[in-house]
Amino acid sequence: GDDRLAIEAGRVTALEARALGVHVNFAPVADVNNNPRNPVINTRSFGEDPAVVARLAAAYVRGLTDGGMIATVKHFPGHGDTDVDSHLGLPLIAHPRERLDRIELPPFLAGIQAGAGAVMTSHIELPSLDATEGRPVTLSRPIVTDLLRDELGFDGLVYTDSMRMRGITELMSPGEAAVGAVTAGHDVVVHSPDDRAAFNGLVQAVERGEVSEARVDVSLRRILEAKATLGLHRTRAVSLDTVPLVVGTRAHRAVAAEVSRRGMTLIKDERDDVPLRLSRGAAVLFLSVLDHPSGWGNGVPSRTFLPELEQRWPNVTAVEVSDRTSPAEIELLRGTVDRYDAVIAAVFVRTASFSGRMDLADGLVDLLRTVSQ
């Protein structure tokens with residue numbers, strides 16, 4: 001909730017990214033997460049309050065810009081109130097324009113006014129802004145050009161979201177999608193499932209007169225101006241010698257540590273259990289509760305937390321459970337709970353592309369309810 005930290009997080013991100021040769025950040029997420037069942041935005045958002053999201057998104061944009069990086073507010077005009085993952089289908093937001101002006105749009109306006117150099121649109125359907133049934137924002141001239149460009153006055157880069165998401169791929173071919181996105185007003189077609197087909201589709205559309213050369217030139221100029229703003233017409237390569245002087249410095253790590261510490265929130269502690277007061281010889285059951293065990297990579301659940309517990313209470317029994325844990329195993333675990341002086345459960349639930357979910361298996365929820373009594 002701290003503007004200063006949001007600015008610093010953006011600035012540090014920009015400095016380190018530029019040192020590595022990365023010039024554009026597809027952040028911040030300016031969506032207001034007003035649907036707790038949203039499987040793809042959720043914790044990526046700054047929250048449920050439009051004013052808070054607007055304030056922190058704008059602060060992060062300022063930090064990125066101060067660090068010399070292009071900030072991208074996304075997913076225009078607001079992907080927060082959906083319960084469908086647009087990687088898997090086409091979400092529909094049926095709210096009237098008045099509601100969008102009050103809830104969804106303010107963070108984007110704030111980000112643009114703070115100096116965001118780019119906007120990324122969303123693969124969602126908004127009938128109140130474009131009455132054509134089944135047409136996503138990605139292909140909507142009334143939303144991308146009439147609303148974003150003309151009404152809101154944004155003249156920076158406009159990116160599509162990934163064109164490999166099923167909200168688009170199930171509607172049309174890569175070539176057709178690229179032409180539709182450019183016609184709608186986008187400057188850059190991101191992550192096509194077939195770059196060659198997308199390119200050829202655009203060339204053929206220009207040759208047919210469906211897309212004018214003047215339209216292409218407008219986007220080309222924006223892209224070249226963005227590169228010039230970054231100084232890429234003068235220096236295109238980075239110096240590897242300077243990377244250790246910028247990336248992962250003590251000062252930058254201190255910012256990351258403060259953001260992490262300040263981001264921890266004690267929601268409730270009715271029994272005054274925090275901090276946990278146990279003798280060093282106490283028997284502790286540690287439950288690592290996962291939504292699903294695959295795809296964690298370097299972020300292995302409990303990799304950091306479990307060793308810290310064991311330093312304080314050597315008699316720790318660690319058990320990992322997930323949606324792969326059988327009912328018999330859960331019942332066996334439930335029957336052992338009373339043997340321990342304390343049970344600590346770390347719950348790991350992610351927003352992940354193409355998963356379409358953000359929850360725990362019913363058996364794990366029941367287990368946690370038993371343990372918490």
# chains A, B, ... in the order shown; residues from 1 in each chain; ligands from 1
$ residues_around --residues "Leu287 (chain A)" --least-positions-apart "6" --cutoff "7 Å" --atoms "only C-alpha atoms" --output "list in words"
Ala318, Val319, Glu320, Ile344, Ala345 and Ala346 of chain A
$ write_last_selection --atoms "N, CA and C atoms" --output "short mmCIF file (atom, residue, chain, number, x, y, z; two decimals), in the first residue's frame"
data_model
loop_
_atom_site.label_atom_id
_atom_site.label_comp_id
_atom_site.auth_asym_id
_atom_site.auth_seq_id
_atom_site.Cartn_x
_atom_site.Cartn_y
_atom_site.Cartn_z
N ALA A 318 7.42 -33.01 8.34
CA ALA A 318 6.92 -32.28 7.18
C ALA A 318 6.19 -33.23 6.24
N VAL A 319 4.99 -32.82 5.84
CA VAL A 319 4.18 -33.61 4.92
C VAL A 319 3.65 -32.69 3.82
N GLU A 320 3.79 -33.12 2.56
CA GLU A 320 3.24 -32.35 1.44
C GLU A 320 1.97 -33.03 0.94
N ILE A 344 1.36 -26.45 11.69
CA ILE A 344 1.54 -25.27 10.86
C ILE A 344 1.26 -25.66 9.41
N ALA A 345 0.32 -24.97 8.79
CA ALA A 345 -0.03 -25.28 7.40
C ALA A 345 0.36 -24.09 6.52
N ALA A 346 1.16 -24.34 5.52
CA ALA A 346 1.50 -23.33 4.51
C ALA A 346 0.73 -23.69 3.24
#
$ select_by_dssp --residues "region 44-269 of chain A" --states "helix (DSSP H, G or I)" --output "VMD selection string"
chain A and resid 44 50 to 66 97 to 104 106 to 113 137 to 139 141 to 151 166 to 169 174 to 184 195 to 208 213 to 229 240 to 246 250 to 263
$ residues_around --residues "Val218 (chain A)" --least-positions-apart "5" --cutoff "10 Å" --atoms "only C-alpha atoms" --output "ChimeraX atom specification"
/A:185,187,213,223
$ select_by_dssp --residues "region 192-329 of chain A" --states "strand (DSSP E)" --output "ChimeraX atom specification"
/A:284-290,316-321
$ residues_around --residues "Ala58 (chain A)" --least-positions-apart "4" --cutoff "7 Å" --atoms "only C-alpha atoms" --output "PyMOL selection string"
chain A and resi 54+62+110-111+114
$ write_last_selection --atoms "N, CA and C atoms" --output "short mmCIF file (atom, residue, chain, number, x, y, z; two decimals), in the first residue's frame"
data_model
loop_
_atom_site.label_atom_id
_atom_site.label_comp_id
_atom_site.auth_asym_id
_atom_site.auth_seq_id
_atom_site.Cartn_x
_atom_site.Cartn_y
_atom_site.Cartn_z
N ALA A 54 -5.47 2.29 -8.79
CA ALA A 54 -5.04 3.42 -9.60
C ALA A 54 -3.79 4.07 -9.02
N ARG A 62 5.52 5.24 -12.66
CA ARG A 62 6.52 6.30 -12.46
C ARG A 62 7.90 5.71 -12.17
N ALA A 110 -5.11 6.55 -14.69
CA ALA A 110 -4.03 6.96 -13.79
C ALA A 110 -2.68 6.53 -14.32
N GLY A 111 -2.60 5.31 -14.85
CA GLY A 111 -1.34 4.82 -15.40
C GLY A 111 -0.89 5.61 -16.61
N ALA A 114 0.35 8.92 -15.57
CA ALA A 114 1.64 8.82 -14.89
C ALA A 114 2.79 8.63 -15.87
#
$ closest_residue --among "A:Leu309, A:Leu285, A:Ala361, A:Ile168" --to "Thr336 (chain A)" --atoms "only C-alpha atoms"
A:Leu285
$ closest_residue --among "A:Leu157, A:Val211, A:Ala9, A:Leu364" --to "Glu258 (chain A)" --atoms "only C-alpha atoms"
A:Ala9
$ residues_around --residues "Leu100 (chain A)" --least-positions-apart "3" --cutoff "10 Å" --atoms "only C-alpha atoms" --output "NGL selection string"
:A and (77-78 or 93-97 or 103-106 or 126 or 128-129)
$ residues_around --residues "Thr82 (chain A)" --least-positions-apart "3" --cutoff "7 Å" --atoms "only C-alpha atoms" --output "ChimeraX atom specification"
/A:35,38,79,91,93
$ atom_distance --atom1 "CA of Ala116 (chain A)" --atom2 "CA of Pro36 (chain A)"
27.2 Å
$ atom_distance --atom1 "CA of Ser260 (chain A)" --atom2 "CA of Asp161 (chain A)"
28.1 Å
$ residues_around --residues "Met69 (chain A)" --least-positions-apart "2" --cutoff "12 Å" --atoms "only C-alpha atoms" --output "ChimeraX atom specification"
/A:10-27,60-67,71-72,115-118,226-227,229-232
$ write_last_selection --atoms "N, CA, C and O atoms" --output "short mmCIF file (atom, residue, chain, number, x, y, z; two decimals), in the first residue's frame"
data_model
loop_
_atom_site.label_atom_id
_atom_site.label_comp_id
_atom_site.auth_asym_id
_atom_site.auth_seq_id
_atom_site.Cartn_x
_atom_site.Cartn_y
_atom_site.Cartn_z
N GLY A 10 9.39 -0.45 -9.03
CA GLY A 10 9.41 -0.22 -10.47
C GLY A 10 10.77 0.27 -10.94
O GLY A 10 11.29 -0.18 -11.98
N ARG A 11 11.37 1.17 -10.18
CA ARG A 11 12.66 1.74 -10.58
C ARG A 11 13.75 0.67 -10.59
O ARG A 11 14.54 0.58 -11.54
N VAL A 12 13.78 -0.15 -9.55
CA VAL A 12 14.79 -1.21 -9.47
C VAL A 12 14.59 -2.23 -10.60
O VAL A 12 15.54 -2.68 -11.24
N THR A 13 13.33 -2.59 -10.84
CA THR A 13 13.03 -3.50 -11.95
C THR A 13 13.54 -2.94 -13.26
O THR A 13 14.15 -3.65 -14.07
N ALA A 14 13.30 -1.66 -13.48
CA ALA A 14 13.72 -1.03 -14.73
C ALA A 14 15.24 -1.00 -14.87
O ALA A 14 15.79 -1.32 -15.92
N LEU A 15 15.92 -0.61 -13.81
CA LEU A 15 17.38 -0.51 -13.88
C LEU A 15 18.00 -1.88 -14.17
O LEU A 15 18.92 -2.00 -15.00
N GLU A 16 17.51 -2.91 -13.49
CA GLU A 16 18.09 -4.25 -13.70
C GLU A 16 17.72 -4.78 -15.07
O GLU A 16 18.54 -5.42 -15.75
N ALA A 17 16.48 -4.55 -15.50
CA ALA A 17 16.05 -5.03 -16.81
C ALA A 17 16.85 -4.36 -17.93
O ALA A 17 17.32 -5.02 -18.86
N ARG A 18 17.00 -3.04 -17.83
CA ARG A 18 17.76 -2.33 -18.87
C ARG A 18 19.21 -2.81 -18.91
O ARG A 18 19.82 -2.89 -19.99
N ALA A 19 19.78 -3.13 -17.76
CA ALA A 19 21.15 -3.63 -17.73
C ALA A 19 21.27 -4.95 -18.48
O ALA A 19 22.34 -5.28 -19.01
N LEU A 20 20.18 -5.70 -18.53
CA LEU A 20 20.17 -6.99 -19.23
C LEU A 20 19.70 -6.87 -20.68
O LEU A 20 19.67 -7.86 -21.41
N GLY A 21 19.29 -5.65 -21.10
CA GLY A 21 18.83 -5.47 -22.46
C GLY A 21 17.35 -5.65 -22.66
O GLY A 21 16.88 -5.85 -23.78
N VAL A 22 16.57 -5.59 -21.58
CA VAL A 22 15.11 -5.68 -21.66
C VAL A 22 14.55 -4.26 -21.52
O VAL A 22 14.84 -3.58 -20.54
N HIS A 23 13.74 -3.84 -22.47
CA HIS A 23 13.34 -2.44 -22.55
C HIS A 23 11.89 -2.19 -22.22
O HIS A 23 11.51 -1.06 -21.90
N VAL A 24 11.05 -3.21 -22.36
CA VAL A 24 9.61 -3.06 -22.15
C VAL A 24 9.17 -4.02 -21.05
O VAL A 24 9.54 -5.20 -21.06
N ASN A 25 8.39 -3.52 -20.11
CA ASN A 25 7.83 -4.36 -19.06
C ASN A 25 6.32 -4.43 -19.28
O ASN A 25 5.64 -3.40 -19.33
N PHE A 26 5.78 -5.63 -19.43
CA PHE A 26 4.33 -5.79 -19.55
C PHE A 26 3.72 -5.73 -18.14
O PHE A 26 3.13 -6.70 -17.65
N ALA A 27 3.87 -4.61 -17.51
CA ALA A 27 3.38 -4.34 -16.17
C ALA A 27 3.29 -2.83 -16.02
O ALA A 27 3.96 -2.09 -16.75
N TYR A 60 3.90 2.62 -9.72
CA TYR A 60 4.80 1.64 -10.36
C TYR A 60 5.21 2.12 -11.74
O TYR A 60 6.37 1.97 -12.15
N VAL A 61 4.27 2.71 -12.48
CA VAL A 61 4.60 3.28 -13.79
C VAL A 61 5.67 4.35 -13.65
O VAL A 61 6.64 4.40 -14.42
N ARG A 62 5.52 5.24 -12.66
CA ARG A 62 6.52 6.30 -12.46
C ARG A 62 7.90 5.71 -12.17
O ARG A 62 8.92 6.21 -12.65
N GLY A 63 7.93 4.63 -11.36
CA GLY A 63 9.20 4.00 -11.05
C GLY A 63 9.85 3.38 -12.28
O GLY A 63 11.06 3.55 -12.50
N LEU A 64 9.07 2.67 -13.07
CA LEU A 64 9.62 2.07 -14.30
C LEU A 64 10.14 3.16 -15.23
O LEU A 64 11.23 3.03 -15.81
N THR A 65 9.37 4.22 -15.37
CA THR A 65 9.75 5.30 -16.28
C THR A 65 11.02 6.00 -15.78
O THR A 65 11.92 6.30 -16.57
N ASP A 66 11.11 6.23 -14.47
CA ASP A 66 12.31 6.85 -13.90
C ASP A 66 13.54 5.99 -14.16
O ASP A 66 14.65 6.50 -14.32
N GLY A 67 13.34 4.67 -14.18
CA GLY A 67 14.46 3.75 -14.43
C GLY A 67 14.76 3.54 -15.90
O GLY A 67 15.64 2.76 -16.25
N ALA A 71 6.69 1.28 -19.44
CA ALA A 71 5.67 0.62 -18.63
C ALA A 71 4.45 0.34 -19.50
O ALA A 71 4.09 1.14 -20.36
N THR A 72 3.79 -0.79 -19.24
CA THR A 72 2.60 -1.18 -19.99
C THR A 72 1.47 -1.47 -19.03
O THR A 72 1.53 -2.43 -18.26
N GLY A 115 2.46 8.42 -17.15
CA GLY A 115 3.52 8.32 -18.15
C GLY A 115 3.73 6.95 -18.77
O GLY A 115 4.77 6.72 -19.39
N ALA A 116 2.77 6.05 -18.62
CA ALA A 116 2.91 4.72 -19.24
C ALA A 116 3.10 4.88 -20.74
O ALA A 116 2.33 5.57 -21.41
N GLY A 117 4.12 4.21 -21.27
CA GLY A 117 4.39 4.31 -22.69
C GLY A 117 3.61 3.33 -23.52
O GLY A 117 3.63 3.40 -24.75
N ALA A 118 2.91 2.39 -22.86
CA ALA A 118 2.19 1.36 -23.60
C ALA A 118 0.97 0.90 -22.82
O ALA A 118 0.89 1.05 -21.60
N ALA A 226 9.40 5.02 -29.85
CA ALA A 226 9.64 4.35 -28.56
C ALA A 226 11.09 3.90 -28.46
O ALA A 226 11.74 4.06 -27.42
N LYS A 227 11.63 3.34 -29.55
CA LYS A 227 13.03 2.91 -29.55
C LYS A 227 13.97 4.10 -29.38
O LYS A 227 14.97 4.02 -28.66
N THR A 229 13.25 6.91 -27.87
CA THR A 229 13.13 7.37 -26.48
C THR A 229 14.05 6.57 -25.56
O THR A 229 14.62 7.10 -24.60
N LEU A 230 14.23 5.29 -25.87
CA LEU A 230 15.09 4.42 -25.08
C LEU A 230 16.56 4.53 -25.47
O LEU A 230 17.43 3.92 -24.85
N GLY A 231 16.84 5.31 -26.52
CA GLY A 231 18.22 5.48 -26.97
C GLY A 231 18.74 4.33 -27.80
O GLY A 231 19.96 4.20 -28.01
N LEU A 232 17.85 3.49 -28.31
CA LEU A 232 18.31 2.31 -29.05
C LEU A 232 18.84 2.64 -30.43
O LEU A 232 19.47 1.80 -31.07
#
$ closest_residue --among "A:Leu245, A:Leu333, A:Ile70, A:Leu202" --to "Gly175 (chain A)" --atoms "only C-alpha atoms"
A:Leu202
$ closest_residue --among "A:Val73, A:Leu90, A:Val32, A:Val216" --to "Thr138 (chain A)" --atoms "only C-alpha atoms"
A:Leu90
$ atom_distance --atom1 "CA of Phe108 (chain A)" --atom2 "CA of Thr351 (chain A)"
21.9 Å
$ closest_residue --among "A:Glu270, A:Glu329, A:Glu48, A:Asp323" --to "Asp359 (chain A)" --atoms "only C-alpha atoms"
A:Asp323
$ closest_residue --among "A:Ala237, A:Leu139, A:Ala177, A:Ala228" --to "Ile124 (chain A)" --atoms "only C-alpha atoms"
A:Leu139
$ decode --residues "region 318-334 of chain A" --atoms "N, CA and C atoms" --output "mmCIF file, in the first residue's frame"
data_model
loop_
_atom_site.group_PDB
_atom_site.id
_atom_site.type_symbol
_atom_site.label_atom_id
_atom_site.label_comp_id
_atom_site.auth_asym_id
_atom_site.auth_seq_id
_atom_site.Cartn_x
_atom_site.Cartn_y
_atom_site.Cartn_z
ATOM 1 N N ALA A 318 7.421 -33.013 8.344
ATOM 2 C CA ALA A 318 6.923 -32.282 7.181
ATOM 3 C C ALA A 318 6.188 -33.230 6.239
ATOM 4 N N VAL A 319 4.993 -32.817 5.839
ATOM 5 C CA VAL A 319 4.179 -33.611 4.919
ATOM 6 C C VAL A 319 3.649 -32.689 3.818
ATOM 7 N N GLU A 320 3.792 -33.115 2.564
ATOM 8 C CA GLU A 320 3.240 -32.348 1.442
ATOM 9 C C GLU A 320 1.973 -33.031 0.941
ATOM 10 N N VAL A 321 0.909 -32.240 0.795
ATOM 11 C CA VAL A 321 -0.355 -32.770 0.275
ATOM 12 C C VAL A 321 -0.812 -31.882 -0.880
ATOM 13 N N SER A 322 -1.555 -32.464 -1.810
ATOM 14 C CA SER A 322 -2.025 -31.722 -2.980
ATOM 15 C C SER A 322 -3.269 -32.410 -3.524
ATOM 16 N N ASP A 323 -3.693 -31.986 -4.716
ATOM 17 C CA ASP A 323 -4.855 -32.640 -5.322
ATOM 18 C C ASP A 323 -4.542 -34.064 -5.760
ATOM 19 N N ARG A 324 -3.264 -34.465 -5.674
ATOM 20 C CA ARG A 324 -2.876 -35.845 -5.982
ATOM 21 C C ARG A 324 -2.944 -36.747 -4.753
ATOM 22 N N THR A 325 -3.128 -36.168 -3.578
ATOM 23 C CA THR A 325 -3.167 -36.961 -2.349
ATOM 24 C C THR A 325 -4.492 -37.714 -2.271
ATOM 25 N N SER A 326 -4.432 -38.999 -2.024
ATOM 26 C CA SER A 326 -5.639 -39.830 -2.015
ATOM 27 C C SER A 326 -6.458 -39.595 -0.748
ATOM 28 N N PRO A 327 -7.770 -39.880 -0.787
ATOM 29 C CA PRO A 327 -8.605 -39.766 0.423
ATOM 30 C C PRO A 327 -8.082 -40.614 1.572
ATOM 31 N N ALA A 328 -7.537 -41.795 1.269
ATOM 32 C CA ALA A 328 -7.006 -42.653 2.325
ATOM 33 C C ALA A 328 -5.805 -41.999 3.011
ATOM 34 N N GLU A 329 -4.945 -41.364 2.222
ATOM 35 C CA GLU A 329 -3.779 -40.695 2.794
ATOM 36 C C GLU A 329 -4.197 -39.505 3.652
ATOM 37 N N ILE A 330 -5.221 -38.794 3.203
ATOM 38 C CA ILE A 330 -5.703 -37.640 3.981
ATOM 39 C C ILE A 330 -6.289 -38.111 5.310
ATOM 40 N N GLU A 331 -7.040 -39.207 5.292
ATOM 41 C CA GLU A 331 -7.621 -39.738 6.526
ATOM 42 C C GLU A 331 -6.543 -40.207 7.484
ATOM 43 N N LEU A 332 -5.498 -40.821 6.940
ATOM 44 C CA LEU A 332 -4.382 -41.257 7.785
ATOM 45 C C LEU A 332 -3.723 -40.054 8.441
ATOM 46 N N LEU A 333 -3.543 -39.007 7.696
ATOM 47 C CA LEU A 333 -2.944 -37.790 8.221
ATOM 48 C C LEU A 333 -3.842 -37.144 9.270
ATOM 49 N N ARG A 334 -5.132 -37.129 8.995
ATOM 50 C CA ARG A 334 -6.091 -36.538 9.932
ATOM 51 C C ARG A 334 -6.034 -37.246 11.285
#
